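The file run.cif contains mmCIF, C-alpha atoms:
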data_coords
loop_
_atom_site.group_PDB
_atom_site.id
_atom_site.type_symbol
_atom_site.label_atom_id
_atom_site.label_comp_id
_atom_site.auth_asym_id
_atom_site.auth_seq_id
_atom_site.Cartn_x
_atom_site.Cartn_y
_atom_site.Cartn_z
ATOM 1 C CA MET A 104 -6.981 12.180 -4.365
ATOM 2 C CA GLY A 105 -6.024 8.534 -3.926
ATOM 3 C CA ILE A 106 -2.473 9.417 -2.950
ATOM 4 C CA TRP A 107 -3.757 11.556 -0.081
ATOM 5 C CA ILE A 108 -6.011 8.741 1.096
ATOM 6 C CA SER A 109 -3.068 6.335 1.224
ATOM 7 C CA CYS A 110 -0.996 9.003 2.973
ATOM 8 C CA GLY A 111 -3.754 9.523 5.538
ATOM 9 C CA ILE A 112 -4.117 5.810 6.166
ATOM 10 C CA ALA A 113 -0.354 5.445 6.661
ATOM 11 C CA ALA A 114 -0.397 8.442 9.031
ATOM 12 C CA LEU A 115 -3.270 6.927 11.035
ATOM 13 C CA ILE A 116 -1.418 3.615 11.320
ATOM 14 C CA ALA A 117 1.721 5.487 12.399
ATOM 15 C CA ALA A 118 -0.206 7.462 15.024
ATOM 16 C CA ALA A 119 -1.914 4.340 16.378
ATOM 17 C CA SER A 120 1.416 2.487 16.513
ATOM 18 C CA ALA A 121 3.064 5.427 18.276
ATOM 19 C CA TYR A 122 0.262 5.492 20.840
ATOM 20 C CA VAL A 123 0.549 1.771 21.504
ATOM 21 C CA ALA A 124 4.335 2.167 21.772
ATOM 22 C CA TYR A 125 3.776 4.927 24.337
ATOM 23 C CA LEU A 126 1.408 2.673 26.285
ATOM 24 C CA ALA A 127 3.948 -0.159 26.156
ATOM 25 C CA TYR A 128 6.653 2.228 27.393
ATOM 26 C CA THR A 129 4.600 3.394 30.373
ATOM 27 C CA VAL A 130 3.800 -0.159 31.490
ATOM 28 C CA GLU A 131 6.625 -1.669 33.465
ATOM 29 C CA GLY A 132 8.018 -4.889 32.052
ATOM 30 C CA ALA A 133 6.556 -4.320 28.595
ATOM 31 C CA GLY A 134 9.485 -6.064 26.942
ATOM 32 C CA GLY A 135 9.792 -5.950 23.177
ATOM 33 C CA GLY A 136 6.346 -4.455 22.547
ATOM 34 C CA PHE A 137 7.726 -0.937 22.775
ATOM 35 C CA TRP A 138 10.379 -1.525 20.122
ATOM 36 C CA PHE A 139 7.991 -3.442 17.885
ATOM 37 C CA PHE A 140 5.384 -0.683 17.768
ATOM 38 C CA THR A 141 8.021 2.045 17.579
ATOM 39 C CA ALA A 142 9.400 0.381 14.465
ATOM 40 C CA PHE A 143 5.899 0.250 12.956
ATOM 41 C CA ALA A 144 5.322 3.913 13.788
ATOM 42 C CA LEU A 145 8.603 4.950 12.183
ATOM 43 C CA PHE A 146 8.014 2.792 9.114
ATOM 44 C CA PHE A 147 4.508 4.057 8.380
ATOM 45 C CA GLY A 148 5.403 7.612 9.434
ATOM 46 C CA ALA A 149 8.293 7.691 6.971
ATOM 47 C CA ALA A 150 6.036 6.322 4.233
ATOM 48 C CA ALA A 151 3.379 8.970 4.925
ATOM 49 C CA ALA A 152 5.976 11.744 5.033
ATOM 50 C CA GLY A 153 7.593 10.599 1.777
ATOM 51 C CA VAL A 154 4.273 10.423 -0.052
ATOM 52 C CA ALA A 155 3.203 13.827 1.272
ATOM 53 C CA ILE A 156 6.498 15.507 0.398
ATOM 54 C CA GLY A 157 6.486 14.008 -3.104
ATOM 55 C CA ALA A 158 2.881 15.065 -3.728
ATOM 56 C CA LEU A 159 3.506 18.590 -2.448
ATOM 57 C CA GLY A 160 6.587 18.866 -4.663
ATOM 58 C CA ARG A 161 4.542 17.961 -7.731
ATOM 59 C CA ARG A 162 1.769 20.392 -6.808
ATOM 60 C CA TYR A 163 3.700 23.480 -5.691
ATOM 61 C CA PRO A 164 6.750 24.687 -7.685
ATOM 62 C CA ALA A 165 8.223 26.491 -4.667
ATOM 63 C CA PHE A 166 8.286 23.207 -2.742
ATOM 64 C CA ARG A 167 9.815 21.231 -5.642
ATOM 65 C CA PRO A 168 13.563 21.696 -4.796
ATOM 66 C CA PHE A 169 13.044 20.378 -1.260
ATOM 67 C CA ALA A 170 10.943 17.478 -2.523
ATOM 68 C CA GLU A 171 13.583 16.545 -5.115
ATOM 69 C CA LYS A 172 16.241 16.445 -2.402
ATOM 70 C CA VAL A 173 14.135 14.290 -0.100
ATOM 71 C CA VAL A 174 12.222 12.051 -2.510
ATOM 72 C CA GLY A 175 14.231 12.379 -5.723
ATOM 73 C CA LYS A 176 13.330 13.601 -9.177
ATOM 74 C CA PRO A 177 10.121 12.190 -10.617
ATOM 75 C CA GLU A 178 10.528 9.695 -13.422
ATOM 76 C CA GLU A 179 9.030 10.135 -16.837
ATOM 77 C CA PRO A 180 5.816 8.153 -17.152
ATOM 78 C CA ARG A 181 6.347 4.998 -19.165
ATOM 79 C CA VAL A 182 3.674 3.383 -21.248
ATOM 80 C CA ARG A 183 3.375 -0.266 -20.341
ATOM 81 C CA PHE A 184 1.685 -2.995 -22.283
ATOM 82 C CA VAL A 185 -0.741 -5.075 -20.282
ATOM 83 C CA PRO A 186 -1.158 -8.580 -21.752
ATOM 84 C CA HIS A 187 -4.932 -8.789 -21.711
ATOM 85 C CA TRP A 188 -5.089 -12.156 -23.465
ATOM 86 C CA GLN A 189 -3.221 -13.853 -20.615
ATOM 87 C CA MET A 190 -5.624 -12.522 -17.994
ATOM 88 C CA MET A 191 -8.662 -13.386 -20.085
ATOM 89 C CA THR A 192 -7.336 -16.917 -20.668
ATOM 90 C CA ALA A 193 -6.772 -17.376 -16.933
ATOM 91 C CA ILE A 194 -10.294 -16.158 -16.150
ATOM 92 C CA VAL A 195 -11.864 -18.446 -18.766
ATOM 93 C CA VAL A 196 -9.882 -21.457 -17.522
ATOM 94 C CA LEU A 197 -10.872 -20.678 -13.933
ATOM 95 C CA LEU A 198 -14.531 -20.380 -14.887
ATOM 96 C CA ALA A 199 -14.347 -23.676 -16.819
ATOM 97 C CA VAL A 200 -12.797 -25.457 -13.821
ATOM 98 C CA LEU A 201 -15.430 -24.019 -11.477
ATOM 99 C CA ALA A 202 -18.250 -25.011 -13.836
ATOM 100 C CA ALA A 203 -16.818 -28.531 -14.153
ATOM 101 C CA ALA A 204 -16.562 -28.833 -10.362
ATOM 102 C CA ILE A 205 -20.154 -27.694 -9.896
ATOM 103 C CA VAL A 206 -21.467 -29.992 -12.623
ATOM 104 C CA SER A 207 -19.517 -32.996 -11.323
ATOM 105 C CA ALA A 208 -20.798 -32.348 -7.784
ATOM 106 C CA LEU A 209 -24.370 -32.117 -9.046
ATOM 107 C CA VAL A 210 -24.005 -35.271 -11.118
ATOM 108 C CA GLY A 211 -22.498 -37.114 -8.135
ATOM 109 C CA VAL A 212 -25.380 -36.063 -5.883
ATOM 110 C CA LEU A 213 -28.133 -36.743 -8.404
ATOM 111 C CA PHE A 214 -26.910 -40.101 -9.680
#
Turn the structure described in the file into structure tokens.
Amino acid sequence: MGIWISCGIAALIAAASAYVAYLAYTVEGAGGGFWFFTAFALFFGAAAAGVAIGALGRRYPAFRPFAEKVVGKPEEPRVRFVPHWQMMTAIVVLLAVLAAAIVSALVGVLF
């Protein structure tokens, strides 16, 4: 479900950028605004199309050969180790620094 949400958001950004590019094209003397928003529309449109084609290829076997040609073959999922102790240490250090800053500010105001 999340992949379709990101695809929809990219498609909305592409549509909005294409509309602004059209508006910049119709206004005389628009300058580089047309090319700027056209590039955004193509970038986000290609991202939305790639995500949609890849997702459809995983879902429907008849669509898989086309998706493999466009997006490529899906990789095998790899198990990755997340170093939890590093994140927990960073959080504890951050909390200690924040607590020390609050205490030192209170001590400075009170005394």
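Atom pair CA of Ile205 in chain A / CA of Trp188 in chain A: separated by 25.5 Å.
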Hits of the PyMOL selection byres ((chain A and resi 143-158) around 9) in this structure, as a tab-separated table (two decimals) with C-alpha atoms, in the coordinates of the input:
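Done, and the output landed in out.tsv:
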chain	number	residue	atom	x	y	z
A	106	ILE	CA	-2.47	9.42	-2.95
A	107	TRP	CA	-3.76	11.56	-0.08
A	109	SER	CA	-3.07	6.34	1.22
A	110	CYS	CA	-1.00	9.00	2.97
A	111	GLY	CA	-3.75	9.52	5.54
A	112	ILE	CA	-4.12	5.81	6.17
A	113	ALA	CA	-0.35	5.44	6.66
A	114	ALA	CA	-0.40	8.44	9.03
A	115	LEU	CA	-3.27	6.93	11.04
A	116	ILE	CA	-1.42	3.62	11.32
A	117	ALA	CA	1.72	5.49	12.40
A	118	ALA	CA	-0.21	7.46	15.02
A	119	ALA	CA	-1.91	4.34	16.38
A	120	SER	CA	1.42	2.49	16.51
A	121	ALA	CA	3.06	5.43	18.28
A	122	TYR	CA	0.26	5.49	20.84
A	124	ALA	CA	4.34	2.17	21.77
A	138	TRP	CA	10.38	-1.52	20.12
A	139	PHE	CA	7.99	-3.44	17.89
A	140	PHE	CA	5.38	-0.68	17.77
A	141	THR	CA	8.02	2.04	17.58
A	142	ALA	CA	9.40	0.38	14.46
A	159	LEU	CA	3.51	18.59	-2.45
A	160	GLY	CA	6.59	18.87	-4.66
A	161	ARG	CA	4.54	17.96	-7.73
A	162	ARG	CA	1.77	20.39	-6.81
A	163	TYR	CA	3.70	23.48	-5.69
A	166	PHE	CA	8.29	23.21	-2.74
A	167	ARG	CA	9.82	21.23	-5.64
A	169	PHE	CA	13.04	20.38	-1.26
A	170	ALA	CA	10.94	17.48	-2.52
A	171	GLU	CA	13.58	16.55	-5.12
A	173	VAL	CA	14.14	14.29	-0.10
A	174	VAL	CA	12.22	12.05	-2.51
A	175	GLY	CA	14.23	12.38	-5.72
A	177	PRO	CA	10.12	12.19	-10.62
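Picture a line from CA of Ala208 in chain A to CA of Ile194 in chain A; it runs 21.0 Å.
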Problem set entry | Atom-to-atom span, CA of Gly105 in chain A and CA of Val182 in chain A, Å | 20.5 Å
